[in-house]
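Chemist: One structure, as structure tokens, below. Some questions next.
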Amino acid sequence: MKKILLLPILSTAIMASEQISSINFEGLSRISSKVALETAQIKKGDNLETLKINKALKEFYKFGYFDDISITNDNGNITFKFIEKPSIVNIEISGYKSREEDKELLYSAMGIKKGSMYTDSRIANAKASLLDMLQQEGFYNSVIEVNIENISPTAVAVKFDVNKGNEIIITKINYHGAKAFEKSDFEAVLANKEQESFSWFLGRNKGDMKLEQLKYEHARIKELYLENGYLDTKVTKAFSKIDFNTNRSEVNFSIDEGNQYSVGDILIFLDSSIKDPKKIQEKLKLKKGKPFNIKDLRKDIEYIKSA
């Protein structure tokens, strides 16, 4: 709890005449005495005034480093006494990511690390980030309990106990408007796939939803069309219908295929004294009369640059 201590021994009359003889700071580790003195905006020789002291306290609390600040006065010798927020000396996560190298990356994503200052908001944000990561991996309705252990007045250990929710299983993916490709063509490029029968068998699709990949799937479908000459294709982002009672989902894409384009002619304009365009053209992947392929075009551009 924040505490602002107004000195009862300093009456208005005394303050008007009493001067500050010295300014001292106790309990500081996160800011230097020089920074503290600049923050207080008072100096030796100033009159000791309630308004100045209160203003200094407010400025110190703005750092967010302190649980409590008090002030004592001994004949003009002013001492600010700070109780800093504790540091996090240990972090533990149980029920998720067992490998230590994975946990270090996890802590970074959560915005928490050993040595950082403990605050309620930092822990709440770390918990929210962890829940979001679990959901992105397909674990819905996960529960995280946070336990704080006081190691010393200036140090705490934080433990996150994770109870992963159930995975969402994709039972059906619909490609509305698709005529040029089969379901297997789409599955070859997508990260999310339908659950197959006997999904427990090695090599079969389990259908577990990869939510973090779902937002990219429409782009993968469009790339498939672009690689087969469909330059006007439009694909909506995945729309997922989830039944949280059964943890089952149906995913829908709406596709407007447009027309398929073929390569009409290929012209290369180069300085013939340096390079022979015909020799370069022979090695291009794009061929006249064949369906246009955006991937081949990219490769051809890189080839011409290095030829």
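Following the order of the structure tokens, chains are lettered A, B, ..., residues in each are numbered from 1, and ligands are numbered from 1.
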Would you return as a short mmCIF file (atom, residue, chain, number, x, y, z; two decimals) with C-alpha atoms, in the first residue's frame the members of segment 38-233 of chain A that DSSP assigns to alpha helix (DSSP H) on this structure's backbone?

Modeler:
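Written file, out_15.cif:
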data_model
loop_
_atom_site.label_atom_id
_atom_site.label_comp_id
_atom_site.auth_asym_id
_atom_site.auth_seq_id
_atom_site.Cartn_x
_atom_site.Cartn_y
_atom_site.Cartn_z
CA GLU A 38 16.95 15.50 -9.21
CA THR A 39 13.53 13.86 -8.88
CA ALA A 40 12.90 15.36 -5.43
CA THR A 50 4.92 20.51 3.10
CA LEU A 51 4.02 21.14 -0.55
CA LYS A 52 7.58 20.47 -1.73
CA ILE A 53 7.79 17.25 0.27
CA ASN A 54 4.45 15.97 -1.01
CA LYS A 55 5.41 16.81 -4.57
CA ALA A 56 8.67 14.88 -4.17
CA LEU A 57 6.77 11.83 -2.89
CA LYS A 58 4.41 11.89 -5.86
CA GLU A 59 7.34 12.09 -8.27
CA PHE A 60 9.01 9.08 -6.65
CA TYR A 61 5.84 6.99 -6.85
CA GLU A 100 14.48 -25.46 -20.46
CA GLU A 101 15.41 -23.95 -23.84
CA ASP A 102 11.71 -23.73 -24.70
CA LYS A 103 10.95 -22.08 -21.37
CA GLU A 104 13.48 -19.30 -21.91
CA LEU A 105 11.75 -18.38 -25.17
CA LEU A 106 8.41 -18.68 -23.40
CA TYR A 107 9.42 -16.31 -20.60
CA SER A 108 10.58 -13.78 -23.18
CA ALA A 109 7.23 -13.97 -25.00
CA MET A 110 5.46 -13.51 -21.66
CA ASP A 120 0.77 -7.33 -10.04
CA SER A 121 0.30 -5.93 -13.54
CA ARG A 122 3.45 -7.67 -14.85
CA ILE A 123 2.26 -11.03 -13.56
CA ALA A 124 -1.27 -10.46 -14.90
CA ASN A 125 0.12 -9.60 -18.35
CA ALA A 126 2.40 -12.66 -18.30
CA LYS A 127 -0.56 -14.89 -17.44
CA ALA A 128 -2.68 -13.35 -20.21
CA SER A 129 0.14 -13.88 -22.73
CA LEU A 130 0.50 -17.51 -21.68
CA LEU A 131 -3.23 -18.12 -22.05
CA ASP A 132 -3.13 -16.56 -25.50
CA MET A 133 -0.25 -18.82 -26.55
CA LEU A 134 -2.14 -21.86 -25.33
CA GLN A 135 -5.17 -20.82 -27.34
CA GLN A 136 -3.03 -20.18 -30.42
CA LYS A 183 -9.50 -31.49 -51.42
CA SER A 184 -6.17 -33.30 -51.43
CA ASP A 185 -4.61 -30.40 -53.38
CA PHE A 186 -5.62 -27.97 -50.67
CA GLU A 187 -4.52 -30.26 -47.85
CA LEU A 211 -5.04 -21.60 -34.50
CA GLU A 212 -1.85 -19.59 -34.99
CA GLN A 213 -1.70 -20.94 -38.57
CA LEU A 214 -5.38 -20.51 -39.37
CA GLU A 217 -4.38 -20.45 -44.63
CA HIS A 218 -6.30 -18.25 -47.09
CA ALA A 219 -2.97 -16.89 -48.38
CA ARG A 220 -1.70 -20.44 -48.90
CA ILE A 221 -4.80 -21.29 -50.92
CA LYS A 222 -4.39 -18.17 -53.04
CA GLU A 223 -0.74 -19.06 -53.67
CA LEU A 224 -1.86 -22.48 -54.93
CA TYR A 225 -4.09 -20.78 -57.49
CA LEU A 226 -1.40 -18.30 -58.49
#

Chemist: Need the shell around Ala36 of chain A: protein/DNA/RNA residues with any atom at most 12 Å away, counting only C-alpha atoms. Skip same-chain ones fewer than 4 positions apart. Format as a list in words?

Modeler: Ile23, Asn24, Phe25, Glu26, Gly27, Leu28, Ser29, Arg30, Ile31, Ser32, Ala40, Gln41, Ile42, Lys43, Ala56, Leu57, Glu59, Phe60, Tyr61, Phe63, Thr79, Phe80, Lys81 and Phe82 of chain A

Chemist: Just checking: using only C-alpha atoms, which residue out of A:Asn252, A:Asn77, A:Gln19, A:Thr246 ends up closest to Tyr140 of chain A?

Modeler: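 Among the listed residues, the smallest separation from Tyr140 of chain A belongs to A:Thr246.
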
Chemist: List every residue of segment 11-215 of chain A that DSSP, applied to the backbone, labels as strand (DSSP E), and write the result as a VMD selection string.

Modeler: chain A and resid 22 to 26 66 to 74 77 to 84 87 to 94 139 to 140 143 to 152 155 to 163 166 to 167 169 to 176

Chemist: Please list as a ChimeraX atom specification every residue within 10 Å of Ser152 of chain A, counting only C-alpha atoms and excluding residues in the same chain fewer than 3 positions away.

Modeler: /A:86-87,149,155-157

Chemist: Keeping only N, CA and C atoms, write those residues as a PDB file, in the first residue's frame.

Modeler:
ATOM      1  N   PRO A  86       9.670  -6.019  -4.703  1.00  0.00           N
ATOM      2  CA  PRO A  86      10.633  -7.130  -4.764  1.00  0.00           C
ATOM      3  C   PRO A  86      11.002  -7.508  -6.196  1.00  0.00           C
ATOM      4  N   SER A  87      12.116  -8.197  -6.331  1.00  0.00           N
ATOM      5  CA  SER A  87      12.563  -8.718  -7.622  1.00  0.00           C
ATOM      6  C   SER A  87      12.137 -10.182  -7.765  1.00  0.00           C
ATOM      7  N   GLU A 149       5.679 -16.909  -4.036  1.00  0.00           N
ATOM      8  CA  GLU A 149       6.343 -17.270  -2.783  1.00  0.00           C
ATOM      9  C   GLU A 149       7.313 -16.156  -2.395  1.00  0.00           C
ATOM     10  N   ALA A 155      12.609 -10.286  -2.479  1.00  0.00           N
ATOM     11  CA  ALA A 155      12.680 -11.301  -3.532  1.00  0.00           C
ATOM     12  C   ALA A 155      11.471 -12.227  -3.464  1.00  0.00           C
ATOM     13  N   VAL A 156      10.949 -12.579  -4.657  1.00  0.00           N
ATOM     14  CA  VAL A 156       9.824 -13.505  -4.743  1.00  0.00           C
ATOM     15  C   VAL A 156      10.106 -14.543  -5.821  1.00  0.00           C
ATOM     16  N   ALA A 157       9.466 -15.695  -5.683  1.00  0.00           N
ATOM     17  CA  ALA A 157       9.491 -16.733  -6.721  1.00  0.00           C
ATOM     18  C   ALA A 157       8.080 -16.857  -7.283  1.00  0.00           C
TER      19      ALA A 157
END

Chemist: Which residues are close to Val143 of chain A, i.e. within 9 Å by only C-alpha atoms, leaving aside same-chain residues fewer than 2 positions away? Reply as a PyMOL selection string.

Modeler: chain A and resi 131+141+145+161-165

Chemist: Could you check the closest approach to Phe292 of chain A for each of A:Gly229, A:Gly264, A:Gly111, A:Pro153 and tell me which residue wins, using only C-alpha atoms?

Modeler: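 When distances to Phe292 of chain A are compared using only C-alpha atoms, the smallest one comes from A:Gly229.
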
Chemist: Can you pull out every residue within 12 Å of Ile304 of chain A, counting only C-alpha atoms, but drop anything in the same chain fewer than 2 positions away, and send it as number ranges by chain?

Modeler: A: 268-270, 275-285, 297-302, 306-307

Chemist: Restricted to N, CA and C atoms, what would the selected residues look like written as an mmCIF file, in the first residue's frame?

Modeler:
data_model
loop_
_atom_site.group_PDB
_atom_site.id
_atom_site.type_symbol
_atom_site.label_atom_id
_atom_site.label_comp_id
_atom_site.auth_asym_id
_atom_site.auth_seq_id
_atom_site.Cartn_x
_atom_site.Cartn_y
_atom_site.Cartn_z
ATOM 1 N N ILE A 268 12.622 -10.894 -73.530
ATOM 2 C CA ILE A 268 13.703 -10.470 -72.648
ATOM 3 C C ILE A 268 14.512 -9.401 -73.375
ATOM 4 N N PHE A 269 14.609 -8.244 -72.785
ATOM 5 C CA PHE A 269 15.350 -7.131 -73.395
ATOM 6 C C PHE A 269 16.678 -6.966 -72.650
ATOM 7 N N LEU A 270 17.763 -7.358 -73.304
ATOM 8 C CA LEU A 270 19.095 -7.252 -72.722
ATOM 9 C C LEU A 270 20.047 -6.662 -73.746
ATOM 10 N N LYS A 275 24.886 -10.228 -73.168
ATOM 11 C CA LYS A 275 24.189 -11.485 -72.942
ATOM 12 C C LYS A 275 23.291 -11.815 -74.125
ATOM 13 N N ASP A 276 23.120 -13.093 -74.389
ATOM 14 C CA ASP A 276 22.254 -13.558 -75.458
ATOM 15 C C ASP A 276 20.895 -13.899 -74.869
ATOM 16 N N PRO A 277 19.831 -13.102 -75.137
ATOM 17 C CA PRO A 277 18.505 -13.356 -74.573
ATOM 18 C C PRO A 277 17.959 -14.737 -74.889
ATOM 19 N N LYS A 278 18.292 -15.282 -76.085
ATOM 20 C CA LYS A 278 17.756 -16.593 -76.473
ATOM 21 C C LYS A 278 18.299 -17.697 -75.568
ATOM 22 N N LYS A 279 19.589 -17.639 -75.250
ATOM 23 C CA LYS A 279 20.181 -18.649 -74.383
ATOM 24 C C LYS A 279 19.578 -18.602 -72.977
ATOM 25 N N ILE A 280 19.315 -17.392 -72.512
ATOM 26 C CA ILE A 280 18.706 -17.240 -71.190
ATOM 27 C C ILE A 280 17.281 -17.781 -71.209
ATOM 28 N N GLN A 281 16.559 -17.471 -72.300
ATOM 29 C CA GLN A 281 15.157 -17.880 -72.390
ATOM 30 C C GLN A 281 14.999 -19.394 -72.387
ATOM 31 N N GLU A 282 15.975 -20.098 -72.947
ATOM 32 C CA GLU A 282 15.910 -21.562 -72.990
ATOM 33 C C GLU A 282 15.875 -22.182 -71.604
ATOM 34 N N LYS A 283 16.439 -21.505 -70.629
ATOM 35 C CA LYS A 283 16.540 -22.059 -69.277
ATOM 36 C C LYS A 283 15.447 -21.553 -68.336
ATOM 37 N N LEU A 284 14.545 -20.735 -68.854
ATOM 38 C CA LEU A 284 13.467 -20.237 -68.015
ATOM 39 C C LEU A 284 12.454 -21.334 -67.733
ATOM 40 N N LYS A 285 11.857 -21.283 -66.569
ATOM 41 C CA LYS A 285 10.842 -22.258 -66.179
ATOM 42 C C LYS A 285 9.486 -21.954 -66.812
ATOM 43 N N LEU A 297 7.778 -17.669 -62.134
ATOM 44 C CA LEU A 297 8.150 -16.300 -62.498
ATOM 45 C C LEU A 297 9.201 -15.761 -61.528
ATOM 46 N N ARG A 298 8.992 -15.986 -60.234
ATOM 47 C CA ARG A 298 9.955 -15.500 -59.240
ATOM 48 C C ARG A 298 11.323 -16.140 -59.438
ATOM 49 N N LYS A 299 11.322 -17.438 -59.714
ATOM 50 C CA LYS A 299 12.587 -18.127 -59.935
ATOM 51 C C LYS A 299 13.281 -17.618 -61.194
ATOM 52 N N ASP A 300 12.495 -17.347 -62.238
ATOM 53 C CA ASP A 300 13.073 -16.852 -63.491
ATOM 54 C C ASP A 300 13.695 -15.474 -63.305
ATOM 55 N N ILE A 301 13.027 -14.642 -62.514
ATOM 56 C CA ILE A 301 13.579 -13.294 -62.264
ATOM 57 C C ILE A 301 14.920 -13.398 -61.562
ATOM 58 N N GLU A 302 15.034 -14.284 -60.588
ATOM 59 C CA GLU A 302 16.296 -14.460 -59.877
ATOM 60 C C GLU A 302 17.364 -15.038 -60.795
ATOM 61 N N SER A 306 21.097 -13.255 -62.058
ATOM 62 C CA SER A 306 22.419 -13.860 -61.818
ATOM 63 C C SER A 306 23.054 -14.425 -63.077
ATOM 64 N N ALA A 307 22.307 -14.430 -64.181
ATOM 65 C CA ALA A 307 22.833 -15.029 -65.430
ATOM 66 C C ALA A 307 23.997 -14.219 -65.990
#

Chemist: Any idea what the distance is between atom CA of Lys172 of chain A and atom CA of Lys237 of chain A?

Modeler: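 Straight-line distance from atom CA of Lys172 of chain A to atom CA of Lys237 of chain A works out to 15.9 Å.
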
Chemist: Which is closest to Ile93 of chain A among A:Asn73, A:Ser33, A:Val146, A:Ile169, if we use only C-alpha atoms?

Modeler: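 Of A:Asn73, A:Ser33, A:Val146, A:Ile169, the one nearest Ile93 of chain A is A:Val146, counting only C-alpha atoms.
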
Chemist: Taking only C-alpha atoms into account, name the residue in A:Asp265, A:Gln195, A:Ile173, A:Ala238 that is nearest to Glu250 of chain A.

Modeler: A:Ile173

Chemist: Work out how far atom CA of Tyr261 of chain A is from atom CA of Lys179 of chain A, in Å to one decimal.

Modeler: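 One can read the atom CA of Lys179 of chain A to atom CA of Tyr261 of chain A distance as 15.6 Å.
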